[in-house]
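Peer 1: Pasting start.cif here (mmCIF, C-alpha atoms and all ligand atoms):
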```cif
data_my_file
#
loop_
_atom_site.group_PDB
_atom_site.id
_atom_site.type_symbol
_atom_site.label_atom_id
_atom_site.label_comp_id
_atom_site.auth_asym_id
_atom_site.auth_seq_id
_atom_site.Cartn_x
_atom_site.Cartn_y
_atom_site.Cartn_z
ATOM 1 C CA MET A 1 33.256 -3.284 6.008
ATOM 2 C CA GLU A 2 32.749 -1.463 9.280
ATOM 3 C CA LYS A 3 29.586 -2.166 11.334
ATOM 4 C CA TYR A 4 27.966 0.741 13.132
ATOM 5 C CA ILE A 5 26.345 0.481 16.535
ATOM 6 C CA VAL A 6 24.507 3.752 17.137
ATOM 7 C CA GLY A 7 22.790 4.508 20.433
ATOM 8 C CA ASN A 8 20.014 7.110 20.267
ATOM 9 C CA TRP A 9 19.146 8.081 23.834
ATOM 10 C CA LYS A 10 16.266 10.297 22.681
ATOM 11 C CA MET A 11 15.020 12.544 25.518
ATOM 12 C CA ASN A 12 16.369 10.335 28.302
ATOM 13 C CA LEU A 13 19.208 10.300 30.840
ATOM 14 C CA GLY A 14 19.893 14.032 30.837
ATOM 15 C CA ASP A 15 20.920 13.746 34.490
ATOM 16 C CA GLY A 16 23.620 11.972 36.500
ATOM 17 C CA ARG A 17 22.573 8.607 35.080
ATOM 18 C CA GLY A 18 23.605 9.823 31.635
ATOM 19 C CA LEU A 19 27.032 10.838 32.889
ATOM 20 C CA SER A 20 27.499 7.517 34.604
ATOM 21 C CA LEU A 21 26.455 5.643 31.436
ATOM 22 C CA LEU A 22 28.986 7.672 29.429
ATOM 23 C CA LYS A 23 31.735 6.718 31.891
ATOM 24 C CA HIS A 24 30.825 3.048 31.553
ATOM 25 C CA LEU A 25 30.748 3.309 27.773
ATOM 26 C CA ALA A 26 34.221 4.841 27.749
ATOM 27 C CA THR A 27 35.620 1.675 29.390
ATOM 28 C CA LEU A 28 34.214 -0.727 26.781
ATOM 29 C CA LYS A 29 36.604 -2.623 24.571
ATOM 30 C CA ILE A 30 35.728 -1.832 20.979
ATOM 31 C CA PHE A 31 37.014 -4.269 18.382
ATOM 32 C CA PRO A 32 38.409 -3.094 15.056
ATOM 33 C CA GLY A 33 35.689 -2.966 12.434
ATOM 34 C CA VAL A 34 33.066 -1.764 14.930
ATOM 35 C CA ARG A 35 32.118 1.897 15.044
ATOM 36 C CA VAL A 36 30.146 2.890 18.142
ATOM 37 C CA VAL A 37 28.295 6.208 17.981
ATOM 38 C CA VAL A 38 26.503 7.636 21.022
ATOM 39 C CA CYS A 39 23.753 10.244 20.542
ATOM 40 C CA PRO A 40 22.891 11.694 23.968
ATOM 41 C CA PRO A 41 20.636 14.699 24.589
ATOM 42 C CA ALA A 42 22.222 17.926 23.294
ATOM 43 C CA LEU A 43 23.005 19.251 26.769
ATOM 44 C CA LEU A 44 25.344 16.306 27.369
ATOM 45 C CA LEU A 45 27.261 16.531 24.090
ATOM 46 C CA ARG A 46 30.316 18.413 25.339
ATOM 47 C CA GLU A 47 30.651 16.268 28.439
ATOM 48 C CA ALA A 48 30.134 13.164 26.298
ATOM 49 C CA HIS A 49 32.842 14.254 23.893
ATOM 50 C CA HIS A 50 35.389 14.571 26.703
ATOM 51 C CA THR A 51 34.355 11.306 28.288
ATOM 52 C CA LEU A 52 34.030 9.144 25.182
ATOM 53 C CA SER A 53 36.882 10.142 22.938
ATOM 54 C CA PRO A 54 38.931 8.752 21.346
ATOM 55 C CA GLY A 55 37.331 5.264 21.270
ATOM 56 C CA LEU A 56 33.696 6.113 20.627
ATOM 57 C CA ALA A 57 32.169 8.640 18.286
ATOM 58 C CA LEU A 58 29.588 11.245 19.170
ATOM 59 C CA GLY A 59 26.372 11.996 17.328
ATOM 60 C CA ALA A 60 23.574 14.541 17.700
ATOM 61 C CA GLN A 61 19.895 13.650 17.530
ATOM 62 C CA ASP A 62 18.906 16.649 15.417
ATOM 63 C CA VAL A 63 20.256 19.844 13.871
ATOM 64 C CA SER A 64 18.878 23.146 12.657
ATOM 65 C CA ALA A 65 18.354 23.613 8.928
ATOM 66 C CA HIS A 66 19.733 27.152 9.362
ATOM 67 C CA PRO A 67 23.383 28.131 9.736
ATOM 68 C CA GLY A 68 22.695 30.576 12.585
ATOM 69 C CA GLY A 69 20.755 33.621 13.696
ATOM 70 C CA ALA A 70 17.308 34.263 15.123
ATOM 71 C CA PHE A 71 16.030 30.700 15.461
ATOM 72 C CA THR A 72 15.080 30.341 19.113
ATOM 73 C CA GLY A 73 15.780 26.943 20.577
ATOM 74 C CA GLU A 74 17.718 25.611 17.595
ATOM 75 C CA ILE A 75 21.257 24.223 17.506
ATOM 76 C CA SER A 76 23.350 24.764 14.391
ATOM 77 C CA ALA A 77 25.617 22.294 12.643
ATOM 78 C CA ALA A 78 28.606 24.511 13.492
ATOM 79 C CA MET A 79 27.720 24.269 17.196
ATOM 80 C CA LEU A 80 27.403 20.481 17.011
ATOM 81 C CA LYS A 81 30.728 20.233 15.240
ATOM 82 C CA ALA A 82 32.352 22.416 17.911
ATOM 83 C CA ALA A 83 30.871 20.163 20.604
ATOM 84 C CA GLY A 84 32.668 17.170 19.051
ATOM 85 C CA CYS A 85 29.928 15.561 16.945
ATOM 86 C CA GLN A 86 30.871 13.485 13.925
ATOM 87 C CA TYR A 87 27.380 12.211 13.093
ATOM 88 C CA VAL A 88 23.888 13.703 13.162
ATOM 89 C CA LEU A 89 20.559 11.883 12.943
ATOM 90 C CA VAL A 90 18.381 13.520 10.304
ATOM 91 C CA GLY A 91 14.723 12.775 9.639
ATOM 92 C CA HIS A 92 14.137 10.462 12.568
ATOM 93 C CA SER A 93 10.494 9.362 12.426
ATOM 94 C CA GLU A 94 9.826 11.094 15.755
ATOM 95 C CA ARG A 95 10.987 14.386 14.201
ATOM 96 C CA ARG A 96 8.882 13.773 11.095
ATOM 97 C CA LEU A 97 5.852 12.762 13.144
ATOM 98 C CA TYR A 98 5.864 15.128 16.128
ATOM 99 C CA HIS A 99 7.568 18.127 14.543
ATOM 100 C CA GLY A 100 6.173 17.895 11.021
ATOM 101 C CA GLU A 101 9.615 17.746 9.408
ATOM 102 C CA GLY A 102 9.293 17.360 5.660
ATOM 103 C CA GLU A 103 11.540 16.862 2.673
ATOM 104 C CA ALA A 104 12.572 20.464 2.014
ATOM 105 C CA LEU A 105 13.639 20.986 5.629
ATOM 106 C CA LEU A 106 15.438 17.642 5.790
ATOM 107 C CA ARG A 107 17.373 18.390 2.611
ATOM 108 C CA GLU A 108 18.651 21.577 4.265
ATOM 109 C CA LYS A 109 19.560 19.715 7.431
ATOM 110 C CA VAL A 110 21.578 17.176 5.446
ATOM 111 C CA ARG A 111 23.320 20.021 3.644
ATOM 112 C CA GLN A 112 24.189 21.755 6.916
ATOM 113 C CA VAL A 113 25.587 18.556 8.429
ATOM 114 C CA GLN A 114 27.700 17.675 5.394
ATOM 115 C CA SER A 115 29.006 21.172 4.869
ATOM 116 C CA HIS A 116 30.350 21.098 8.426
ATOM 117 C CA GLY A 117 32.250 17.877 7.820
ATOM 118 C CA MET A 118 29.882 15.590 9.729
ATOM 119 C CA THR A 119 28.005 12.531 8.467
ATOM 120 C CA PRO A 120 24.203 12.544 8.421
ATOM 121 C CA ILE A 121 22.454 9.354 9.454
ATOM 122 C CA VAL A 122 19.298 9.687 7.386
ATOM 123 C CA CYS A 123 16.359 7.822 8.909
ATOM 124 C CA VAL A 124 13.505 6.402 6.861
ATOM 125 C CA GLY A 125 10.721 3.927 7.496
ATOM 126 C CA GLU A 126 7.096 3.121 6.780
ATOM 127 C CA THR A 127 4.033 2.940 8.997
ATOM 128 C CA LEU A 128 2.044 -0.271 9.186
ATOM 129 C CA GLU A 129 -0.577 1.354 6.979
ATOM 130 C CA GLU A 130 1.996 2.257 4.320
ATOM 131 C CA LYS A 131 3.448 -1.232 4.509
ATOM 132 C CA LYS A 132 0.002 -2.741 3.904
ATOM 133 C CA GLN A 133 -0.877 -0.348 1.098
ATOM 134 C CA GLY A 134 2.110 -0.276 -1.223
ATOM 135 C CA GLY A 135 4.802 -2.247 0.601
ATOM 136 C CA ALA A 136 7.745 -0.981 2.601
ATOM 137 C CA LEU A 137 10.342 -0.826 -0.162
ATOM 138 C CA PRO A 138 8.591 1.545 -2.605
ATOM 139 C CA PHE A 139 7.687 3.861 0.273
ATOM 140 C CA VAL A 140 11.160 3.952 1.753
ATOM 141 C CA THR A 141 12.830 4.325 -1.648
ATOM 142 C CA ALA A 142 10.595 7.315 -2.393
ATOM 143 C CA GLN A 143 11.420 8.828 0.998
ATOM 144 C CA ILE A 144 15.134 8.628 0.233
ATOM 145 C CA ARG A 145 14.817 9.843 -3.378
ATOM 146 C CA ALA A 146 12.902 12.903 -2.170
ATOM 147 C CA LEU A 147 16.008 14.009 -0.279
ATOM 148 C CA ALA A 148 18.249 13.915 -3.389
ATOM 149 C CA LEU A 149 21.173 12.753 -1.264
ATOM 150 C CA SER A 150 24.756 12.983 -2.412
ATOM 151 C CA GLY A 151 28.165 12.962 -0.780
ATOM 152 C CA SER A 152 28.796 10.910 2.331
ATOM 153 C CA TYR A 153 25.847 9.683 4.396
ATOM 154 C CA LEU A 154 24.451 6.646 6.183
ATOM 155 C CA LEU A 155 20.887 5.397 5.880
ATOM 156 C CA ALA A 156 18.910 3.964 8.777
ATOM 157 C CA TYR A 157 15.889 1.842 7.919
ATOM 158 C CA GLU A 158 13.553 2.060 10.896
ATOM 159 C CA PRO A 159 10.019 0.811 10.268
ATOM 160 C CA ARG A 160 7.818 3.143 12.322
ATOM 161 C CA TRP A 161 5.756 0.286 13.637
ATOM 162 C CA ALA A 162 8.898 -1.336 15.035
ATOM 163 C CA ILE A 163 10.095 1.665 17.050
ATOM 164 C CA GLY A 164 9.644 1.172 20.774
ATOM 165 C CA THR A 165 7.071 -1.571 20.259
ATOM 166 C CA GLY A 166 9.139 -4.711 20.802
ATOM 167 C CA LEU A 167 8.337 -5.706 17.208
ATOM 168 C CA THR A 168 11.090 -6.008 14.628
ATOM 169 C CA ALA A 169 10.888 -6.519 10.891
ATOM 170 C CA GLY A 170 11.475 -10.134 9.851
ATOM 171 C CA LEU A 171 15.070 -11.036 9.058
ATOM 172 C CA HIS A 172 14.202 -11.824 5.429
ATOM 173 C CA ASP A 173 12.420 -8.500 5.041
ATOM 174 C CA ILE A 174 15.336 -6.587 6.532
ATOM 175 C CA GLN A 175 17.786 -8.349 4.228
ATOM 176 C CA ASP A 176 15.604 -7.896 1.132
ATOM 177 C CA ILE A 177 14.804 -4.231 1.717
ATOM 178 C CA GLN A 178 18.269 -3.187 2.803
ATOM 179 C CA SER A 179 20.078 -5.015 0.001
ATOM 180 C CA VAL A 180 18.024 -3.017 -2.531
ATOM 181 C CA LEU A 181 18.692 0.247 -0.665
ATOM 182 C CA LYS A 182 22.418 -0.468 -0.527
ATOM 183 C CA GLU A 183 22.512 -1.181 -4.219
ATOM 184 C CA GLN A 184 20.351 1.773 -5.272
ATOM 185 C CA PHE A 185 21.942 4.411 -3.074
ATOM 186 C CA GLY A 186 25.457 3.032 -2.544
ATOM 187 C CA ALA A 187 25.447 3.955 1.150
ATOM 188 C CA PRO A 188 25.771 1.845 4.301
ATOM 189 C CA VAL A 189 22.337 0.936 5.699
ATOM 190 C CA LEU A 190 21.636 0.445 9.405
ATOM 191 C CA TYR A 191 18.531 -1.230 10.804
ATOM 192 C CA GLY A 192 16.562 0.217 13.725
ATOM 193 C CA GLY A 193 13.382 -0.618 15.618
ATOM 194 C CA SER A 194 13.318 -2.595 18.861
ATOM 195 C CA VAL A 195 16.872 -3.860 18.491
ATOM 196 C CA ASN A 196 17.955 -5.478 21.756
ATOM 197 C CA ALA A 197 20.658 -7.771 23.127
ATOM 198 C CA GLU A 198 18.685 -10.873 22.128
ATOM 199 C CA ASN A 199 17.857 -10.053 18.499
ATOM 200 C CA ALA A 200 21.000 -8.045 17.644
ATOM 201 C CA PRO A 201 23.247 -11.036 16.781
ATOM 202 C CA ASP A 202 20.859 -12.289 14.072
ATOM 203 C CA ILE A 203 20.197 -8.812 12.682
ATOM 204 C CA LEU A 204 23.879 -7.846 12.645
ATOM 205 C CA ALA A 205 24.773 -11.114 10.907
ATOM 206 C CA LEU A 206 22.692 -10.172 7.843
ATOM 207 C CA PRO A 207 24.938 -9.166 4.926
ATOM 208 C CA ALA A 208 22.772 -6.138 4.066
ATOM 209 C CA VAL A 209 22.936 -4.757 7.606
ATOM 210 C CA ASP A 210 25.839 -2.362 8.131
ATOM 211 C CA GLY A 211 24.873 -1.722 11.713
ATOM 212 C CA VAL A 212 22.016 -0.961 14.063
ATOM 213 C CA LEU A 213 20.358 2.162 15.418
ATOM 214 C CA VAL A 214 19.323 1.388 18.964
ATOM 215 C CA GLY A 215 16.871 3.361 21.102
ATOM 216 C CA GLY A 216 15.640 1.855 24.371
ATOM 217 C CA ALA A 217 18.387 -0.771 24.691
ATOM 218 C CA SER A 218 21.099 1.890 24.372
ATOM 219 C CA LEU A 219 20.040 3.275 27.772
ATOM 220 C CA ASP A 220 21.115 0.093 29.499
ATOM 221 C CA ILE A 221 24.850 -0.472 29.703
ATOM 222 C CA GLU A 222 24.522 -4.249 29.896
ATOM 223 C CA ALA A 223 22.204 -4.499 26.873
ATOM 224 C CA PHE A 224 24.189 -1.991 24.814
ATOM 225 C CA SER A 225 27.529 -3.697 25.553
ATOM 226 C CA LYS A 226 26.043 -7.045 24.555
ATOM 227 C CA ILE A 227 24.889 -5.534 21.259
ATOM 228 C CA ILE A 228 28.393 -4.164 20.643
ATOM 229 C CA GLU A 229 29.934 -7.521 21.512
ATOM 230 C CA SER A 230 27.556 -9.378 19.206
ATOM 231 C CA THR A 231 28.878 -7.554 16.152
ATOM 232 C CA PRO A 232 30.420 -10.147 13.816
ATOM 233 C CA LYS A 233 34.222 -9.859 13.960
HETATM 234 P P1 LIG A 301 13.836 1.509 19.919
HETATM 235 O O1 LIG A 301 15.144 0.744 19.804
HETATM 236 O O2 LIG A 301 13.536 1.938 21.322
HETATM 237 O O3 LIG A 301 12.727 0.774 19.251
HETATM 238 O O4 LIG A 301 14.039 2.863 19.114
HETATM 239 C C1 LIG A 301 14.528 2.815 17.819
HETATM 240 C C2 LIG A 301 14.861 4.156 17.383
HETATM 241 O O5 LIG A 301 13.982 4.976 17.114
HETATM 242 C C3 LIG A 301 16.285 4.519 17.299
HETATM 243 O O6 LIG A 301 16.468 5.732 16.668
#
```
Do you think you could lay out the structure here as structure tokens?
Ligand code: 13P
Peer 2:
Amino acid sequence: MEKYIVGNWKMNLGDGRGLSLLKHLATLKIFPGVRVVVCPPALLLREAHHTLSPGLALGAQDVSAHPGGAFTGEISAAMLKAAGCQYVLVGHSERRLYHGEGEALLREKVRQVQSHGMTPIVCVGETLEEKKQGGALPFVTAQIRALALSGSYLLAYEPRWAIGTGLTAGLHDIQDIQSVLKEQFGAPVLYGGSVNAENAPDILALPAVDGVLVGGASLDIEAFSKIIESTPK
């Protein structure tokens, strides 16, 4: 099965450094069985599409739940598709946390993405508090169920407490949680949260890990290439 290496730049590198990173990425040798997806800031999507294709795929970090019209500041799924996107992150914890995105809105976003022929990468993950209270798995399972997903999608398990903190979930926990998610939902499951060049080989070697969603380390060409190279062949 294919392994996904997804780089989420978040709100970084919107300047010349982003363009130079894209040019470097375009020169990387990608082995069969590895799918690299780059999610730069929206303003770089068109440029990224021209620079990256055909070897690497393009993803957006967010999408509007509406097809078009008077929604100031929003970007529709049709616009992302036209810019060359094949994937869209939906429900990233930073969107849920800082923008109050809830289930009803996320369901619409997934629908918009799928109906425009793109694949949503649906992000879920528990806080430390939620992990302590009821455990990660019941929380994450409920988060996914609430979206009533169907059709083609990827899941990304990103414990909130592991994002940008340098902490990662234990390898056993990742394997245990993701194997249940894979079985219950029948979709590929990526792991995210402080993935870097050092821990990626062990995480990617886990049978229940279909790839990684990388934040900080995707901004560094050396670290990101090492992560790509460490994908089991
Ligand atoms: P970090 O890799 O910086 O922890 O970010 C993870 C993430 O949120 C990717 O979407």
Peer 1: I would like the residues chosen by the PyMOL selection byres (((chain A and resi 82) around 12) and not hetatm) on the shown file; could you give them as a list in words?
Peer 2: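 With the shown file as input, the PyMOL selection byres (((chain A and resi 82) around 12) and not hetatm) matches Leu45, Arg46, His49, Leu58, Ala60, Ile75, Ser76, Ala77, Ala78, Met79, Leu80, Lys81, Ala83, Gly84, Cys85, Gln86, His116, Gly117 and Met118 of chain A.
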Peer 1: Give me the residues near Ala148 (chain A) as a VMD selection string, where near means some atom within 9 Å (using all atoms listed in the file) and where sequence neighbours in that chain fewer than 3 positions away do not count.
Peer 2: chain A and resid 107 144 to 145
Peer 1: The PyMOL selection byres (((chain A and resi 213) around 8) and not hetatm) - which residues does that actually catch in the file I just gave you? List them as number ranges by chain.
Peer 2: A: 5-8, 156, 190-193, 195, 211-212, 214-215
Peer 1: Write out as a tab-separated table (two decimals) with C-alpha atoms, in the frame of the given file each polymer residue whose atoms come within 12 Å of Glu74 (chain A), counting all atoms listed in the file; drop sequence neighbours fewer than 4 positions from it.
Peer 2:
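Output contents, as saved in result18.tsv:
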```tsv
chain	number	residue	atom	x	y	z
A	42	ALA	CA	22.22	17.93	23.29
A	62	ASP	CA	18.91	16.65	15.42
A	63	VAL	CA	20.26	19.84	13.87
A	64	SER	CA	18.88	23.15	12.66
A	65	ALA	CA	18.35	23.61	8.93
A	66	HIS	CA	19.73	27.15	9.36
A	67	PRO	CA	23.38	28.13	9.74
A	68	GLY	CA	22.70	30.58	12.58
A	69	GLY	CA	20.76	33.62	13.70
A	70	ALA	CA	17.31	34.26	15.12
A	78	ALA	CA	28.61	24.51	13.49
A	79	MET	CA	27.72	24.27	17.20
A	80	LEU	CA	27.40	20.48	17.01
A	109	LYS	CA	19.56	19.72	7.43
```
Peer 1: Take the PyMOL selection byres (((chain A and resi 173) around 12) and not hetatm), apply it to the structure above, and return the hits as an mmCIF file with C-alpha atoms, keeping the file's coordinate frame.
Peer 2:
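Here's the written file expr-v8.cif:
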```
data_model
loop_
_atom_site.group_PDB
_atom_site.id
_atom_site.type_symbol
_atom_site.label_atom_id
_atom_site.label_comp_id
_atom_site.auth_asym_id
_atom_site.auth_seq_id
_atom_site.Cartn_x
_atom_site.Cartn_y
_atom_site.Cartn_z
ATOM 1 C CA LYS A 131 3.448 -1.232 4.509
ATOM 2 C CA GLY A 135 4.802 -2.247 0.601
ATOM 3 C CA ALA A 136 7.745 -0.981 2.601
ATOM 4 C CA LEU A 137 10.342 -0.826 -0.162
ATOM 5 C CA TYR A 157 15.889 1.842 7.919
ATOM 6 C CA PRO A 159 10.019 0.811 10.268
ATOM 7 C CA THR A 168 11.090 -6.008 14.628
ATOM 8 C CA ALA A 169 10.888 -6.519 10.891
ATOM 9 C CA GLY A 170 11.475 -10.134 9.851
ATOM 10 C CA LEU A 171 15.070 -11.036 9.058
ATOM 11 C CA HIS A 172 14.202 -11.824 5.429
ATOM 12 C CA ILE A 174 15.336 -6.587 6.532
ATOM 13 C CA GLN A 175 17.786 -8.349 4.228
ATOM 14 C CA ASP A 176 15.604 -7.896 1.132
ATOM 15 C CA ILE A 177 14.804 -4.231 1.717
ATOM 16 C CA GLN A 178 18.269 -3.187 2.803
ATOM 17 C CA SER A 179 20.078 -5.015 0.001
ATOM 18 C CA VAL A 180 18.024 -3.017 -2.531
ATOM 19 C CA TYR A 191 18.531 -1.230 10.804
ATOM 20 C CA ILE A 203 20.197 -8.812 12.682
ATOM 21 C CA LEU A 206 22.692 -10.172 7.843
ATOM 22 C CA ALA A 208 22.772 -6.138 4.066
ATOM 23 C CA VAL A 209 22.936 -4.757 7.606
#
```
Peer 1: Counting all atoms listed in the file, figure out which residue out of A:Leu147, A:Leu21, A:Leu97, A:Leu56 gets nearest to ligand LIG 301 (chain A).
Peer 2: A:Leu97
Peer 1: Write out as a count of residues only each polymer residue whose atoms come within 6 Å of Tyr87 (chain A), counting all atoms listed in the file; drop sequence neighbours fewer than 6 positions from it.
Peer 2: 4
Peer 1: A:Lys132, A:Val88, A:Arg17, A:Tyr4: which is nearest Glu229 (chain A), counting all atoms listed in the file?
Peer 2: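 Distance minimum relative to Glu229 (chain A) lands on A:Tyr4.
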Peer 1: Produce the centre coordinates and the three edge lengths, each in Å to one decimal, of the box along x, y and z that contains all listed atoms of ligand LIG 301 (chain A) with 3 Å added on each side, as JSON.
Peer 2:
```
{"center_x": 14.6, "center_y": 3.2, "center_z": 19.0, "size_x": 9.7, "size_y": 11.0, "size_z": 10.7}
```
Peer 1: Would you mind reading off the distance between atom O4 of ligand LIG 301 (chain A) and CA of Gly134 (chain A), one decimal, in Å?
Peer 2: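 Taking atom O4 of ligand LIG 301 (chain A) and CA of Gly134 (chain A), their separation equals 23.8 Å.
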Peer 1: Select, from A:Leu167, A:Val189, A:Val36, A:Leu28, the residue with the minimum atom-to-atom distance to ligand LIG 301 (chain A), counting only C-alpha atoms and all ligand atoms.
Peer 2: A:Leu167
Peer 1: Measuring between only C-alpha atoms, which one of A:Ser194, A:Asp210, A:Ala26, A:Ile221 shows the shortest distance to Ala162 (chain A)?
Peer 2: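 That would be A:Ser194, the residue with the smallest distance to Ala162 (chain A).
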Peer 1: Report, in Å with one decimal, the straight-line distance from CA of Pro54 (chain A) to CA of Phe31 (chain A).
Peer 2: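 Computed distance, CA of Pro54 (chain A) to CA of Phe31 (chain A), equals 13.5 Å.
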Peer 1: How would you write as number ranges by chain the residues that get within 10 Å of (24.8, 9.7, 4.6) in the file's frame, counting all atoms listed in the file?
Peer 2: A: 87-90, 110, 113-114, 118-123, 149-156, 185-189
Peer 1: In Å, how far is it from CA of Arg95 (chain A) to CA of Glu158 (chain A)?
Peer 2: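 Separation of CA of Arg95 (chain A) and CA of Glu158 (chain A): 13.0 Å.
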Peer 1: Check the smallest atom-to-atom distance from each of A:Thr27, A:Asn12, A:Gln112, A:Thr51 to ligand LIG 301 (chain A) using only C-alpha atoms and all ligand atoms, then report the winner.
Peer 2: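 The closest residue to ligand LIG 301 (chain A) is A:Asn12.
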Peer 1: Check the smallest atom-to-atom distance from each of A:Glu101, A:Glu47, A:Glu2, A:Glu94 to ligand LIG 301 (chain A) using all atoms listed in the file, then report the winner.
Peer 2: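 For ligand LIG 301 (chain A), the nearest of the given residues is A:Glu94.
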